[in-house]
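Single-structure report; data block below.
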Amino acid sequence: RLAASLGDPDPPAEVARIVDRLDALLDRIDAVTEAQATFAGAIAHELRTPLSLLALELEDVPGAAATRARADVQAMARSVDQLLGIARLDALQLAPDERVELSALAGELVGRLASAAIGSGRELAFVEAGRVTVAGHAEAITGALRNLVENALRVSPAATTVTVTVGPDARISVEDEGPGLPPGGADPLFTRFVRGDRGGSAGLGLAIVAKTMEVHGGRVEAIDRAGRGARFTLVFARDDEDGRNWRPRHDSNVRPTA
């Protein structure tokens with residue numbers, strides 16, 4: 001707060017009044033932000049159970065209308081999960097001793113998603129170009145990577161491959177063979193509720209990715225591969241002696257490349 005940063009235990013009365021009012025305003029902003037995150041999380045949590053039950057009820061209903069209803073319920077469930085993910089990230093505080101081995105995390109996720117990828121007529125490949133440990137929250141990083149992989153599978157044509165690569169530095173890349181980035185670049189896609197081919201049903205998927213990397217002091221790089229798809233990369237700070245002082249800034253680096 002401003003009062004603590006002044007370094008003057010007895011500032012002039014006029015300055016003290018301004019500082020007190022600004023600190024009170026910051027307190028109110030914090031309270032409103034926390035209340036919004038709590039409300040969104042509570043609503044999302046309450047909606048998950050009825051949506052799951054509705055999906056089960058529709059499994060045995062024949063006909064085209066039921067098929068469309070199942071697809072709608074799945075989209076709603078994904079949106080609810082994303083809202084819950086955003087609420088959790090807004091409140092996430094990393095513990096000083098939390099460590100994540102990126103190769104193990106990415107390899108496990110690729111293994112879980114491989115059958116779904118094959119079922120959709122696509123392939124999912126995993127490349128380990130280096131093993132590195134970062135300070136981070138495993139569940140949050142897994143959620144961000146899952147969003148990137150699912151988005152890549154969704155936009156990729158049939159009979160193509162989505163490749164997840166870890167390393168050689170503290171990074172995880174997801175490369176697809178889809179249409180590439182939109183003409184305006186990837187920046188708008190990282191904004192909450194902005195929908196696009198890669199943004200998810202509610203426009204929250206890439207916003208979750210960006211928020212996750214912000215919490216981890218990293219960044220997201222989005223690169224168009226000149227007609228051969230796109231590459232999204234999560235770039236972390238290394239958690240070892242050589243990279244201890246390297247702290248990447250948070251932004252979306254969008255540039256065309258061959």
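Labels used: A, B, ... for chains in the order of the structure tokens, numbers from 1 for residues in each chain, and numbers from 1 for ligands as shown.
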
Inset, instruction - From the DSSP assignment of the backbone, select every residue of region 14-234 of chain A that is strand (DSSP E), and format the answer as JSON, numbers by chain. - result: {"A": [99, 100, 101, 123, 124, 125, 126, 127, 128, 133, 134, 135, 161, 162, 163, 164, 165, 166, 171, 172, 173, 174, 175, 219, 220, 221, 222, 223, 224, 230, 231, 232, 233, 234]}

May I have the residues from that selection written out with C-alpha atoms, as a compact mmCIF listing (two decimals), in the first residue's frame?
```txt
# COMPACT_ATOMS: atom_id res chain seq x y z
CA ARG A 99 8.36 -27.47 -8.66
CA VAL A 100 7.20 -28.99 -11.96
CA GLU A 101 9.20 -31.21 -14.32
CA GLU A 123 -2.36 -37.82 -34.43
CA LEU A 124 -0.72 -36.42 -31.31
CA ALA A 125 3.08 -36.60 -31.06
CA PHE A 126 5.42 -35.88 -28.13
CA VAL A 127 9.04 -34.76 -28.48
CA GLU A 128 11.38 -34.40 -25.53
CA THR A 133 12.25 -28.16 -13.88
CA VAL A 134 10.43 -24.89 -13.24
CA ALA A 135 8.82 -23.27 -10.24
CA THR A 161 -0.40 -34.26 -36.55
CA VAL A 162 -0.26 -31.99 -33.52
CA THR A 163 3.22 -32.05 -31.98
CA VAL A 164 4.01 -31.19 -28.36
CA THR A 165 7.70 -30.42 -27.76
CA VAL A 166 9.40 -29.82 -24.41
CA ARG A 171 9.42 -24.10 -22.76
CA ILE A 172 6.62 -26.27 -24.12
CA SER A 173 5.52 -25.82 -27.73
CA VAL A 174 2.33 -27.00 -29.42
CA GLU A 175 2.54 -27.07 -33.21
CA ARG A 219 4.89 -15.56 -21.46
CA VAL A 220 3.08 -17.07 -24.45
CA GLU A 221 4.61 -16.93 -27.91
CA ALA A 222 2.29 -17.35 -30.89
CA ILE A 223 3.90 -17.81 -34.30
CA ASP A 224 2.29 -18.26 -37.70
CA ALA A 230 0.76 -22.27 -36.01
CA ARG A 231 3.00 -22.76 -33.02
CA PHE A 232 2.05 -21.71 -29.49
CA THR A 233 4.82 -21.83 -26.88
CA LEU A 234 4.72 -21.56 -23.10
```

Legend entry - Among listed residues A:Glu108, A:Glu177, A:Gly205, A:Gly121, nearest Glu150 (chain A) (using only C-alpha atoms):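 The answer is A:Gly205, which sits nearest to Glu150 (chain A).
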
Inset, instruction - Would you please extract all helix (DSSP H, G or I) residues from region 60-179 of chain A, as assigned by DSSP on the backbone, and give them as number ranges by chain? - result: A: 64-90, 102-119, 138-155

Inset, instruction - Choose the residue, out of A:Pro11, A:Pro50, A:Pro168, A:Pro182, that has the smallest atom-to-atom separation from Gly130 (chain A); count only C-alpha atoms. - result: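 Of A:Pro11, A:Pro50, A:Pro168, A:Pro182, the one nearest Gly130 (chain A) is A:Pro168, counting only C-alpha atoms.
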